[in-house]
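Visitor: Before anything else, here's the structure in question.
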Amino acid sequence: MNREDFIKSSIAFGIMSILPFHVLKDFSAAFPKKELMGMKRPELIGDHYLLRKECATAFEKMKTEALKENIHLYVVSSYRSFSHQKRIWESKYKSNLKDGLNPRENIQEIIKYSTIPGTSRHHWGTDIDIIDANATHPESVLETENFYDDGPYTKLKNWMDEHSEQFGFYLVYTAKKSRKGFKHEPWHFSYKPTSQKMLAEFSQLDIKKKLQHINLSGNEYFTEEFLNTYISENICSINSVLLP
């Protein structure tokens, strides 16, 4: 087992003892459980977005730099509460039922791109979905093809590939073929200095127990096997540099 898979496996099952002691000490009890699950809103700031202060400050610096290349970083989505994520889930679940998907198929279709409420990185105030406001907007902006070849946001993607990490922002769901879980999202970036710490704390929650008891369509199919896979492949199968 390579290092990346070992870390993913350890996070997925909450075995944090494999991390160095100083890491656990630094990460201990910095974020309330309800904030980690989107059930309590942290202190957030921003113009047309909501982020933690340190994340917003870094984003504004990155935005200013991108403007020099006539790229206007525009946040389509930032902080989302548990209730907001639940509305997304319920809307997709209802729509998929109308399309004839059975409950298990329904859930698998949703988690191609959307998280189960309580597990979204957008609960943390560290993650953003972005587009270029100076580009021509397609009807649906958050589509992978918009960021490649002749897509309207290809210039944005190329700039972010080269510069975003200088400001602490890293692509979350990469195009790496060996990565499992959520589909590639070239628009989704996370502020590593904060989100990495939050993921370390989130991984210590008994998230399986919490998810089995939330009032959510389809949660009766959240079996032990399903949740183990979801945690391992959806929550932890991300850009490896964002892992604790």
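Quick note on naming: the chains in the structure tokens go A, B, ... in the order shown, residues restart at 1 in each chain, and ligands are numbered from 1 in order of appearance.
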Find the residues around Thr229 (chain A) up to 9 Å (only C-alpha atoms counted), leave out those fewer than 4 positions away in its own chain, and share them as a ChimeraX atom specification.
Guide: /A:12,181,224-225,233-234
Visitor: Among the residues of region 176-242 of chain A, find those DSSP assigns to strand (DSSP E or B) from the backbone and print them as a PyMOL selection string.
Guide: chain A and resi 188-191
Visitor: Determine which residues of region 18-231 of chain A DSSP labels as helix (DSSP H, G or I) from the backbone of this structure, then write them out as a PyMOL selection string.
Guide: chain A and resi 18+21-27+33-36+53-67+82-98+103-110+121-124+144-147+154-167+192-202+207-212+219-221+224-231
Visitor: For region 79-81 of chain A, work out the shell of residues within 8 Å, counting only C-alpha atoms and skipping chain neighbours fewer than 3 positions away, then give it as a list in words.
Guide: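 Listed by chain and then number, they are Gly38, Met39, Lys40, Arg41, Tyr49, Leu50, Leu51, His84, Gln85, His122, His123, Trp124, Gly125, Thr126, Asp127 and Ile128 of chain A.
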Visitor: Excluding Val76 (chain A) and residues on its chain fewer than 4 positions from it, collect all residues at most 10 Å away from it, counting only C-alpha atoms, and give them as a ChimeraX atom specification.
Guide: /A:48-49,128-133,141-142,187-188
Visitor: List the spatial neighbours of Leu242 (chain A) as a PyMOL selection string - criterion: any atom at most 6 Å away, only C-alpha atoms, same-chain residues fewer than 2 positions off excluded.
Guide: chain A and resi 196+239-240
Visitor: Would you save the residues of that selection, restricted to N, CA, C and O atoms, as a tab-separated table (two decimals), in the first residue's frame?
Guide:
```
chain	number	residue	atom	x	y	z
A	196	GLN	N	-7.14	21.66	5.46
A	196	GLN	CA	-6.39	20.46	5.82
A	196	GLN	C	-6.58	20.15	7.31
A	196	GLN	O	-6.74	18.99	7.70
A	239	ASN	N	-7.29	15.47	-3.94
A	239	ASN	CA	-5.91	15.88	-4.18
A	239	ASN	C	-5.08	15.51	-2.95
A	239	ASN	O	-5.36	15.99	-1.84
A	240	SER	N	-4.08	14.68	-3.11
A	240	SER	CA	-3.35	14.13	-1.96
A	240	SER	C	-2.68	15.19	-1.10
A	240	SER	O	-2.46	14.98	0.09
```
Visitor: Could you name the residues that touch Lys86 (chain A) at 7 Å or less, counting only C-alpha atoms, but leaving out those on the same chain fewer than 4 positions away, as a ChimeraX atom specification?
Guide: /A:82,90,117
Visitor: For the residues in that selection, give me N, CA, C and O atoms as a PDB file, in the first residue's frame.
Guide:
```
ATOM      1  N   PHE A  82     -25.660  23.155   6.340  1.00  0.00           N
ATOM      2  CA  PHE A  82     -26.246  21.813   6.280  1.00  0.00           C
ATOM      3  C   PHE A  82     -27.611  21.873   5.597  1.00  0.00           C
ATOM      4  O   PHE A  82     -27.917  21.041   4.741  1.00  0.00           O
ATOM      5  N   GLU A  90     -32.231  16.829  -1.545  1.00  0.00           N
ATOM      6  CA  GLU A  90     -33.643  16.482  -1.692  1.00  0.00           C
ATOM      7  C   GLU A  90     -34.150  16.801  -3.096  1.00  0.00           C
ATOM      8  O   GLU A  90     -34.939  16.048  -3.661  1.00  0.00           O
ATOM      9  N   PRO A 117     -25.436  15.764   2.946  1.00  0.00           N
ATOM     10  CA  PRO A 117     -25.421  16.861   3.916  1.00  0.00           C
ATOM     11  C   PRO A 117     -24.690  16.458   5.193  1.00  0.00           C
ATOM     12  O   PRO A 117     -24.878  15.363   5.709  1.00  0.00           O
TER      13      PRO A 117
END
```
Visitor: Give me, please, the distance in Å between CA of Pro152 (chain A) and CA of Asn134 (chain A), quoted to one decimal.
Guide: 9.4 Å
Visitor: Excluding region 208-219 of chain A and residues on its chain fewer than 3 positions from it, collect all residues at most 12 Å away from it, counting only C-alpha atoms, and give them as JSON, numbers by chain.
Guide: {"A": [12, 13, 14, 33, 34, 37, 39, 82, 83, 85, 86, 87, 88, 89, 90, 91, 92, 93, 94, 96, 97, 101, 102, 103, 104, 105, 106, 107, 108, 110, 115, 116, 117, 118, 119, 202, 203, 204, 205, 222, 223, 224, 225, 226, 227, 228, 229, 230, 231, 232]}
Visitor: Which is closer to Ile71 (chain A) than all the others in A:Thr57, A:Asn158, A:Ser120, A:Thr144, using only C-alpha atoms?
Guide: A:Asn158
Visitor: Quote the spacing between CA of Tyr113 (chain A) and CA of Asn146 (chain A) in Å to one decimal place.
Guide: 16.1 Å
